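Structure file structure.cif (mmCIF, C-alpha atoms, pLDDT in the B column; chains and numbers go by the auth columns) is printed below.
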data_my_file
loop_
_atom_site.group_PDB
_atom_site.id
_atom_site.type_symbol
_atom_site.label_atom_id
_atom_site.label_comp_id
_atom_site.label_asym_id
_atom_site.label_seq_id
_atom_site.Cartn_x
_atom_site.Cartn_y
_atom_site.Cartn_z
_atom_site.B_iso_or_equiv
_atom_site.auth_seq_id
_atom_site.auth_asym_id
ATOM 1 C CA MET A 1 130.600 -34.675 104.275 51.00 1209 A
ATOM 2 C CA ALA A 2 127.590 -34.407 106.556 51.00 1210 A
ATOM 3 C CA GLU A 3 128.510 -34.001 110.197 52.00 1211 A
ATOM 4 C CA ALA A 4 126.785 -35.806 113.070 53.00 1212 A
ATOM 5 C CA GLY A 5 123.726 -33.945 114.319 55.00 1213 A
ATOM 6 C CA ARG A 6 123.421 -31.828 111.157 63.00 1214 A
ATOM 7 C CA GLU A 7 120.657 -32.287 108.618 87.00 1215 A
ATOM 8 C CA VAL A 8 121.720 -33.828 105.318 94.00 1216 A
ATOM 9 C CA ALA A 9 121.438 -31.281 102.483 97.00 1217 A
ATOM 10 C CA ALA A 10 122.371 -33.651 99.629 98.00 1218 A
ATOM 11 C CA ARG A 11 123.060 -37.319 99.047 98.00 1219 A
ATOM 12 C CA VAL A 12 125.328 -38.556 96.275 98.00 1220 A
ATOM 13 C CA VAL A 13 126.185 -42.019 95.005 97.00 1221 A
ATOM 14 C CA LEU A 14 129.349 -42.442 92.939 96.00 1222 A
ATOM 15 C CA GLN A 15 129.614 -45.418 90.589 95.00 1223 A
ATOM 16 C CA GLN A 16 132.674 -46.146 88.488 93.00 1224 A
ATOM 17 C CA CYS A 17 131.895 -47.297 84.991 95.00 1225 A
ATOM 18 C CA LEU A 18 133.475 -48.497 81.782 95.00 1226 A
ATOM 19 C CA TYR A 19 130.553 -47.189 79.725 97.00 1227 A
ATOM 20 C CA ALA A 20 127.230 -45.495 80.454 97.00 1228 A
ATOM 21 C CA LYS A 21 124.353 -44.317 78.292 98.00 1229 A
ATOM 22 C CA LEU A 22 121.567 -42.088 79.644 97.00 1230 A
ATOM 23 C CA GLN A 23 118.316 -41.035 78.035 96.00 1231 A
ATOM 24 C CA VAL A 24 118.050 -37.255 78.369 95.00 1232 A
ATOM 25 C CA LYS A 25 114.847 -36.798 76.382 92.00 1233 A
ATOM 26 C CA PRO A 26 112.126 -39.425 76.070 91.00 1234 A
ATOM 27 C CA PRO A 27 110.664 -40.215 72.655 92.00 1235 A
ATOM 28 C CA ASP A 28 107.501 -38.435 71.578 92.00 1236 A
ATOM 29 C CA ARG A 29 105.260 -38.429 68.517 94.00 1237 A
ATOM 30 C CA ASP A 30 107.648 -36.207 66.591 94.00 1238 A
ATOM 31 C CA SER A 31 111.084 -37.445 67.611 94.00 1239 A
ATOM 32 C CA GLU A 32 113.197 -40.318 68.816 95.00 1240 A
ATOM 33 C CA ALA A 33 114.631 -40.486 72.308 93.00 1241 A
ATOM 34 C CA GLU A 34 117.871 -38.533 72.878 95.00 1242 A
ATOM 35 C CA TRP A 35 120.804 -40.132 74.689 97.00 1243 A
ATOM 36 C CA VAL A 36 124.227 -39.137 75.988 97.00 1244 A
ATOM 37 C CA GLU A 37 127.123 -41.561 76.454 98.00 1245 A
ATOM 38 C CA ILE A 38 130.334 -41.673 78.410 98.00 1246 A
ATOM 39 C CA LYS A 39 133.278 -44.016 78.305 97.00 1247 A
ATOM 40 C CA ARG A 40 135.444 -44.937 81.277 96.00 1248 A
ATOM 41 C CA GLY A 41 134.676 -42.678 84.185 96.00 1249 A
ATOM 42 C CA MET A 42 132.177 -42.051 86.910 96.00 1250 A
ATOM 43 C CA VAL A 43 128.398 -41.809 87.228 97.00 1251 A
ATOM 44 C CA VAL A 44 127.262 -39.334 89.893 98.00 1252 A
ATOM 45 C CA TYR A 45 123.706 -39.775 91.176 97.00 1253 A
ATOM 46 C CA VAL A 46 122.603 -36.681 93.105 98.00 1254 A
ATOM 47 C CA CYS A 47 119.602 -35.788 95.280 97.00 1255 A
ATOM 48 C CA PHE A 48 118.977 -32.536 97.155 97.00 1256 A
ATOM 49 C CA PHE A 49 116.951 -32.310 100.360 97.00 1257 A
ATOM 50 C CA LYS A 50 114.715 -29.626 101.838 95.00 1258 A
ATOM 51 C CA GLY A 51 116.835 -26.881 103.327 94.00 1259 A
ATOM 52 C CA ALA A 52 119.717 -27.379 100.881 96.00 1260 A
ATOM 53 C CA GLU A 53 121.295 -24.126 99.765 96.00 1261 A
ATOM 54 C CA ASN A 54 123.669 -23.084 96.980 96.00 1262 A
ATOM 55 C CA ALA A 55 126.460 -22.762 99.552 97.00 1263 A
ATOM 56 C CA ILE A 56 126.795 -26.582 99.768 97.00 1264 A
ATOM 57 C CA ILE A 57 127.510 -27.002 96.050 98.00 1265 A
ATOM 58 C CA PRO A 58 131.199 -25.938 95.948 98.00 1266 A
ATOM 59 C CA LYS A 59 131.990 -28.389 98.751 97.00 1267 A
ATOM 60 C CA MET A 60 130.137 -31.161 96.918 98.00 1268 A
ATOM 61 C CA VAL A 61 131.866 -30.478 93.606 98.00 1269 A
ATOM 62 C CA THR A 62 135.320 -30.273 95.149 97.00 1270 A
ATOM 63 C CA SER A 63 134.818 -33.492 97.130 97.00 1271 A
ATOM 64 C CA LEU A 64 133.342 -35.498 94.260 97.00 1272 A
ATOM 65 C CA LEU A 65 135.815 -34.481 91.584 97.00 1273 A
ATOM 66 C CA ASN A 66 138.908 -34.768 93.793 96.00 1274 A
ATOM 67 C CA VAL A 67 138.233 -37.995 95.696 96.00 1275 A
ATOM 68 C CA LYS A 68 140.746 -40.674 94.669 95.00 1276 A
ATOM 69 C CA LEU A 69 138.497 -43.542 93.578 92.00 1277 A
ATOM 70 C CA SER A 70 139.647 -44.200 90.023 91.00 1278 A
ATOM 71 C CA GLU A 71 142.268 -46.897 89.565 88.00 1279 A
ATOM 72 C CA THR A 72 144.980 -46.405 86.958 88.00 1280 A
ATOM 73 C CA ASP A 73 146.576 -49.232 84.983 87.00 1281 A
ATOM 74 C CA THR A 74 149.373 -49.291 87.573 92.00 1282 A
ATOM 75 C CA GLY A 75 146.948 -49.757 90.483 89.00 1283 A
ATOM 76 C CA LYS A 76 147.298 -46.232 91.820 93.00 1284 A
ATOM 77 C CA TYR A 77 144.087 -44.432 92.857 93.00 1285 A
ATOM 78 C CA VAL A 78 143.535 -40.949 91.413 95.00 1286 A
ATOM 79 C CA SER A 79 140.709 -38.450 91.037 96.00 1287 A
ATOM 80 C CA ILE A 80 138.461 -38.515 87.984 97.00 1288 A
ATOM 81 C CA LYS A 81 140.242 -35.346 86.800 96.00 1289 A
ATOM 82 C CA ASP A 82 143.649 -36.992 86.989 94.00 1290 A
ATOM 83 C CA LEU A 83 142.550 -40.312 85.439 94.00 1291 A
ATOM 84 C CA PRO A 84 141.223 -38.494 83.274 95.00 1292 A
ATOM 85 C CA GLY A 85 137.735 -39.917 82.927 96.00 1293 A
ATOM 86 C CA ASP A 86 134.286 -38.960 81.741 98.00 1294 A
ATOM 87 C CA VAL A 87 131.561 -37.873 84.166 98.00 1295 A
ATOM 88 C CA LEU A 88 127.820 -38.494 83.905 98.00 1296 A
ATOM 89 C CA VAL A 89 125.570 -36.708 86.418 98.00 1297 A
ATOM 90 C CA VAL A 90 122.141 -38.230 86.994 97.00 1298 A
ATOM 91 C CA PRO A 91 119.476 -36.463 89.072 97.00 1299 A
ATOM 92 C CA GLN A 92 118.097 -39.199 91.325 95.00 1300 A
ATOM 93 C CA ALA A 93 115.209 -38.206 93.623 91.00 1301 A
ATOM 94 C CA THR A 94 114.877 -41.778 94.866 91.00 1302 A
ATOM 95 C CA LEU A 95 118.043 -41.284 96.948 94.00 1303 A
ATOM 96 C CA GLY A 96 115.864 -39.218 99.288 92.00 1304 A
ATOM 97 C CA GLY A 97 113.304 -41.954 99.850 90.00 1305 A
ATOM 98 C CA LYS A 98 112.304 -43.412 103.195 91.00 1306 A
ATOM 99 C CA THR A 99 110.089 -46.390 103.793 92.00 1307 A
ATOM 100 C CA LYS A 100 106.722 -46.005 105.444 92.00 1308 A
ATOM 101 C CA GLY A 101 105.075 -49.364 105.763 93.00 1309 A
ATOM 102 C CA ARG A 102 105.637 -51.059 102.429 93.00 1310 A
ATOM 103 C CA CYS A 103 105.814 -47.823 100.411 93.00 1311 A
ATOM 104 C CA MET A 104 108.513 -45.296 99.681 93.00 1312 A
ATOM 105 C CA GLN A 105 107.977 -41.632 100.491 92.00 1313 A
ATOM 106 C CA TYR A 106 110.025 -38.654 99.386 91.00 1314 A
ATOM 107 C CA HIS A 107 108.832 -35.908 101.739 92.00 1315 A
ATOM 108 C CA SER A 108 112.364 -34.834 102.709 94.00 1316 A
ATOM 109 C CA ASN A 109 113.421 -34.086 99.110 95.00 1317 A
ATOM 110 C CA ALA A 110 113.804 -30.490 97.955 95.00 1318 A
ATOM 111 C CA GLY A 111 110.803 -29.098 96.082 94.00 1319 A
ATOM 112 C CA LYS A 112 110.894 -29.321 92.294 93.00 1320 A
ATOM 113 C CA GLU A 113 111.860 -25.667 91.706 95.00 1321 A
ATOM 114 C CA GLN A 114 114.520 -25.648 94.434 96.00 1322 A
ATOM 115 C CA GLY A 115 115.890 -29.023 93.318 96.00 1323 A
ATOM 116 C CA MET A 116 116.056 -27.908 89.692 96.00 1324 A
ATOM 117 C CA GLU A 117 117.936 -24.733 90.645 97.00 1325 A
ATOM 118 C CA LEU A 118 120.425 -26.598 92.845 98.00 1326 A
ATOM 119 C CA TYR A 119 120.953 -29.253 90.173 98.00 1327 A
ATOM 120 C CA ALA A 120 121.626 -26.589 87.512 98.00 1328 A
ATOM 121 C CA GLN A 121 124.176 -24.872 89.778 98.00 1329 A
ATOM 122 C CA PHE A 122 125.798 -28.224 90.522 98.00 1330 A
ATOM 123 C CA ILE A 123 126.225 -28.934 86.785 98.00 1331 A
ATOM 124 C CA VAL A 124 127.669 -25.460 86.102 98.00 1332 A
ATOM 125 C CA GLN A 125 130.195 -25.771 88.916 98.00 1333 A
ATOM 126 C CA CYS A 126 131.211 -29.288 87.825 98.00 1334 A
ATOM 127 C CA GLN A 127 131.791 -27.973 84.294 98.00 1335 A
ATOM 128 C CA GLN A 128 133.894 -25.100 85.615 98.00 1336 A
ATOM 129 C CA GLU A 129 135.974 -27.311 87.920 97.00 1337 A
ATOM 130 C CA LEU A 130 136.620 -29.952 85.253 98.00 1338 A
ATOM 131 C CA GLY A 131 137.228 -27.385 82.519 96.00 1339 A
ATOM 132 C CA ALA A 132 139.919 -25.714 84.620 97.00 1340 A
ATOM 133 C CA HIS A 133 141.921 -28.943 84.931 95.00 1341 A
ATOM 134 C CA PRO A 134 144.410 -29.275 82.015 95.00 1342 A
ATOM 135 C CA THR A 135 144.862 -33.062 82.255 93.00 1343 A
ATOM 136 C CA TRP A 136 141.106 -33.581 81.988 96.00 1344 A
ATOM 137 C CA THR A 137 140.485 -31.136 79.137 94.00 1345 A
ATOM 138 C CA GLU A 138 143.522 -32.152 77.063 96.00 1346 A
ATOM 139 C CA ALA A 139 142.425 -35.787 77.201 96.00 1347 A
ATOM 140 C CA GLY A 140 139.071 -34.877 75.638 96.00 1348 A
ATOM 141 C CA ALA A 141 137.103 -36.181 78.614 97.00 1349 A
ATOM 142 C CA VAL A 142 133.446 -35.140 78.777 97.00 1350 A
ATOM 143 C CA LEU A 143 130.789 -34.219 81.300 98.00 1351 A
ATOM 144 C CA HIS A 144 127.215 -35.133 80.443 98.00 1352 A
ATOM 145 C CA HIS A 145 124.153 -34.868 82.624 97.00 1353 A
ATOM 146 C CA GLY A 146 120.592 -36.053 82.839 96.00 1354 A
ATOM 147 C CA THR A 147 117.484 -33.910 82.654 94.00 1355 A
ATOM 148 C CA TYR A 148 116.019 -32.926 86.012 94.00 1356 A
ATOM 149 C CA GLY A 149 112.431 -34.109 86.404 87.00 1357 A
ATOM 150 C CA ASN A 150 112.604 -36.832 83.722 86.00 1358 A
ATOM 151 C CA ARG A 151 112.680 -40.562 84.299 85.00 1359 A
ATOM 152 C CA GLN A 152 116.322 -41.542 84.033 85.00 1360 A
ATOM 153 C CA VAL A 153 116.731 -44.512 81.667 93.00 1361 A
ATOM 154 C CA LEU A 154 120.303 -45.706 82.131 96.00 1362 A
ATOM 155 C CA GLN A 155 122.525 -48.406 80.665 96.00 1363 A
ATOM 156 C CA LEU A 156 125.696 -49.073 82.625 95.00 1364 A
ATOM 157 C CA ASN A 157 128.734 -51.316 82.213 96.00 1365 A
ATOM 158 C CA THR A 158 131.098 -51.569 85.135 92.00 1366 A
ATOM 159 C CA ASN A 159 134.090 -53.676 86.071 85.00 1367 A
ATOM 160 C CA GLY A 160 132.666 -54.255 89.534 79.00 1368 A
ATOM 161 C CA PRO A 161 130.195 -52.756 91.946 77.00 1369 A
ATOM 162 C CA TYR A 162 132.519 -50.022 93.117 85.00 1370 A
ATOM 163 C CA THR A 163 129.865 -47.717 94.550 92.00 1371 A
ATOM 164 C CA HIS A 164 130.184 -45.068 97.260 95.00 1372 A
ATOM 165 C CA LEU A 165 127.550 -43.091 99.187 96.00 1373 A
ATOM 166 C CA LEU A 166 128.385 -39.556 100.308 96.00 1374 A
ATOM 167 C CA GLU A 167 126.229 -37.122 102.262 97.00 1375 A
ATOM 168 C CA PHE A 168 126.712 -33.388 102.531 96.00 1376 A
#
Please, can you express the file's structure as structure tokens?
Amino acid sequence: MAEAGREVAARVVLQQCLYAKLQVKPPDRDSEAEWVEIKRGMVVYVCFFKGAENAIIPKMVTSLLNVKLSETDTGKYVSIKDLPGDVLVVPQATLGGKTKGRCMQYHSNAGKEQGMELYAQFIVQCQQELGAHPTWTEAGAVLHHGTYGNRQVLQLNTNGPYTHLLEF
């Protein structure tokens, strides 16, 4: 997590869900919108800031996929890998917003090219980490992700607002 006095490189919000559906490609003249869906699991909203580097990604992935936030039927808290549950990653630039007057500004966010590169690396490392966990893969759990730079149209069902903010 981000330490006191150090600039934040990334901000993440974790939201448990029972079901989520995300539009990954908007409709156009030639095709319908494309969507991905997950069942019980976790939605990960992620935003990278100026100055963020690839070196932060392994720490983020390890923290997010190993934190014990998912409740089993017996009431025990386990990681999303041990649940096992689906994961949906949503790029969310608005997490970097700050108010100025009555408007939101996003000047501290990573540039589009840098953000896209960091997001792609984040997805790859999440896939590798989850894919290496036998409980998760044998259960047929999935990882889906949104499209960087697109408006994120999301439908979400949850059994309570169990949301956590993490900074790296």
| request: Measure the distance from CA of Val1216 in chain A to CA of Ser1316 in chain A in Å and round it to one decimal. | output: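 Between CA of Val1216 in chain A and CA of Ser1316 in chain A the gap is 9.8 Å.
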| task | Pick out the residues sitting within 7 Å of Leu1226 in chain A, and hand them over as a list in words; count all atoms listed in the file, and ignore anything fewer than 2 positions along from it in its own chain. | result |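 Residues meeting the cut-off are Lys1247, Arg1248, Gly1249, Asn1365, Thr1366 and Asn1367 of chain A.
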Residues from last step as file, C-alpha atoms, as a PDB file, in the frame of the given file:
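Heads up, here's the output in out_9.pdb:
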ATOM      1  CA  LYS A1247     133.278 -44.016  78.305  1.00 97.00           C
ATOM      2  CA  ARG A1248     135.444 -44.937  81.277  1.00 96.00           C
ATOM      3  CA  GLY A1249     134.676 -42.678  84.185  1.00 96.00           C
ATOM      4  CA  ASN A1365     128.734 -51.316  82.213  1.00 96.00           C
ATOM      5  CA  THR A1366     131.098 -51.569  85.135  1.00 92.00           C
ATOM      6  CA  ASN A1367     134.090 -53.676  86.071  1.00 85.00           C
TER       7      ASN A1367
END
| task | Excluding Ala1301 in chain A and any residue of its chain fewer than 4 positions from it, enumerate the residues within 8 Å of it, using all atoms listed in the file, and give them as a ChimeraX atom specification. | result | /A:1254-1256,1305,1314,1317
| Separation of CA of Pro1266 in chain A and CA of Val1244 in chain A, in Å? | 24.9 Å
| request: Find the distance between CA of Gln1360 in chain A and CA of Tyr1327 in chain A and write it in Å to one decimal. | output: 14.5 Å
| Test item: the PyMOL selection byres ((chain A and resi 1372) around 12) resolved as a list in words | Arg1219, Val1220, Val1221, Leu1222, Gln1223, Gln1224, Met1250, Val1251, Val1252, Tyr1253, Leu1272, Val1275, Lys1276, Leu1277, Ser1278, Pro1369, Tyr1370, Thr1371, Leu1373, Leu1374 and Glu1375 of chain A
| query | With all atoms listed in the file as the atoms that count, which of A:Gln1313, A:Gln1300, A:Thr1343, A:Asn1262 lies nearest to Ser1287 in chain A? | reply |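 Looking only at the distances to Ser1287 in chain A, the closest residue turns out to be A:Thr1343.
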| request: Expand the PyMOL selection byres ((chain A and resi 1331) around 12) into the individual residues it matches in the shown file, reporting them as number ranges by chain. | output: A: 1252-1254, 1265-1266, 1268-1269, 1295-1299, 1324-1330, 1332-1339, 1351-1356
| request: Tell me which protein, DNA and RNA residues are within 6 Å of Trp1243 in chain A, counting all atoms listed in the file, leaving out same-chain ones fewer than 6 positions away, and put them as number ranges by chain. | output: A: 1230-1232
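Nearest-residue note for Asp1294 in chain A: choosing from A:Gly1309, A:Gly1348, A:Gly1323, A:Pro1342, the minimum distance belongs to A:Gly1348, counting all atoms listed in the file.
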Rebuild range 1286-1306 of chain A to N, CA, C and O atoms - output it as a CSV table (one decimal), in the frame of the given file, please.
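Final output, saved to selection_3.csv:
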chain,number,residue,atom,x,y,z
A,1286,VAL,N,143.5,-42.4,91.7
A,1286,VAL,CA,143.5,-40.9,91.4
A,1286,VAL,C,142.1,-40.4,91.3
A,1286,VAL,O,141.1,-41.2,91.2
A,1287,SER,N,142.0,-39.1,91.2
A,1287,SER,CA,140.7,-38.4,91.0
A,1287,SER,C,140.3,-38.6,89.6
A,1287,SER,O,141.1,-39.0,88.7
A,1288,ILE,N,139.0,-38.4,89.3
A,1288,ILE,CA,138.5,-38.5,88.0
A,1288,ILE,C,139.1,-37.5,87.1
A,1288,ILE,O,139.3,-37.8,85.9
A,1289,LYS,N,139.6,-36.4,87.6
A,1289,LYS,CA,140.2,-35.3,86.8
A,1289,LYS,C,141.6,-35.8,86.4
A,1289,LYS,O,142.1,-35.6,85.3
A,1290,ASP,N,142.3,-36.5,87.3
A,1290,ASP,CA,143.6,-37.0,87.0
A,1290,ASP,C,143.7,-38.3,86.2
A,1290,ASP,O,144.7,-38.7,85.7
A,1291,LEU,N,142.6,-39.0,86.2
A,1291,LEU,CA,142.6,-40.3,85.4
A,1291,LEU,C,142.9,-40.1,84.0
A,1291,LEU,O,143.8,-40.9,83.5
A,1292,PRO,N,142.5,-39.2,83.2
A,1292,PRO,CA,141.2,-38.5,83.3
A,1292,PRO,C,140.1,-39.4,82.8
A,1292,PRO,O,140.3,-40.2,81.9
A,1293,GLY,N,138.9,-39.1,83.3
A,1293,GLY,CA,137.7,-39.9,82.9
A,1293,GLY,C,136.5,-39.1,82.7
A,1293,GLY,O,136.4,-37.9,83.2
A,1294,ASP,N,135.5,-39.6,82.0
A,1294,ASP,CA,134.3,-39.0,81.7
A,1294,ASP,C,133.4,-38.9,83.0
A,1294,ASP,O,133.6,-39.8,83.9
A,1295,VAL,N,132.5,-38.0,83.0
A,1295,VAL,CA,131.6,-37.9,84.2
A,1295,VAL,C,130.1,-37.8,83.6
A,1295,VAL,O,129.9,-37.0,82.7
A,1296,LEU,N,129.2,-38.5,84.2
A,1296,LEU,CA,127.8,-38.5,83.9
A,1296,LEU,C,127.1,-38.2,85.2
A,1296,LEU,O,127.2,-39.0,86.1
A,1297,VAL,N,126.3,-37.1,85.2
A,1297,VAL,CA,125.6,-36.7,86.4
A,1297,VAL,C,124.1,-37.1,86.2
A,1297,VAL,O,123.5,-36.7,85.1
A,1298,VAL,N,123.5,-37.8,87.1
A,1298,VAL,CA,122.1,-38.2,87.0
A,1298,VAL,C,121.3,-37.7,88.2
A,1298,VAL,O,121.6,-38.1,89.3
A,1299,PRO,N,120.3,-36.9,88.0
A,1299,PRO,CA,119.5,-36.5,89.1
A,1299,PRO,C,118.7,-37.7,89.5
A,1299,PRO,O,118.1,-38.4,88.7
A,1300,GLN,N,118.7,-38.0,90.8
A,1300,GLN,CA,118.1,-39.2,91.3
A,1300,GLN,C,117.3,-38.9,92.6
A,1300,GLN,O,117.8,-39.1,93.7
A,1301,ALA,N,116.1,-38.5,92.5
A,1301,ALA,CA,115.2,-38.2,93.6
A,1301,ALA,C,115.0,-39.4,94.5
A,1301,ALA,O,114.8,-39.2,95.7
A,1302,THR,N,115.1,-40.6,94.0
A,1302,THR,CA,114.9,-41.8,94.9
A,1302,THR,C,115.9,-41.9,96.0
A,1302,THR,O,115.7,-42.6,96.9
A,1303,LEU,N,117.0,-41.2,95.9
A,1303,LEU,CA,118.0,-41.3,96.9
A,1303,LEU,C,117.5,-40.6,98.2
A,1303,LEU,O,118.1,-40.8,99.3
A,1304,GLY,N,116.5,-39.9,98.1
A,1304,GLY,CA,115.9,-39.2,99.3
A,1304,GLY,C,114.7,-40.0,99.9
A,1304,GLY,O,114.0,-39.5,100.8
A,1305,GLY,N,114.5,-41.2,99.4
A,1305,GLY,CA,113.3,-42.0,99.8
A,1305,GLY,C,113.5,-42.6,101.2
A,1305,GLY,O,114.6,-42.9,101.6
A,1306,LYS,N,112.4,-42.7,101.9
A,1306,LYS,CA,112.3,-43.4,103.2
A,1306,LYS,C,111.1,-44.3,103.2
A,1306,LYS,O,110.1,-44.0,102.6
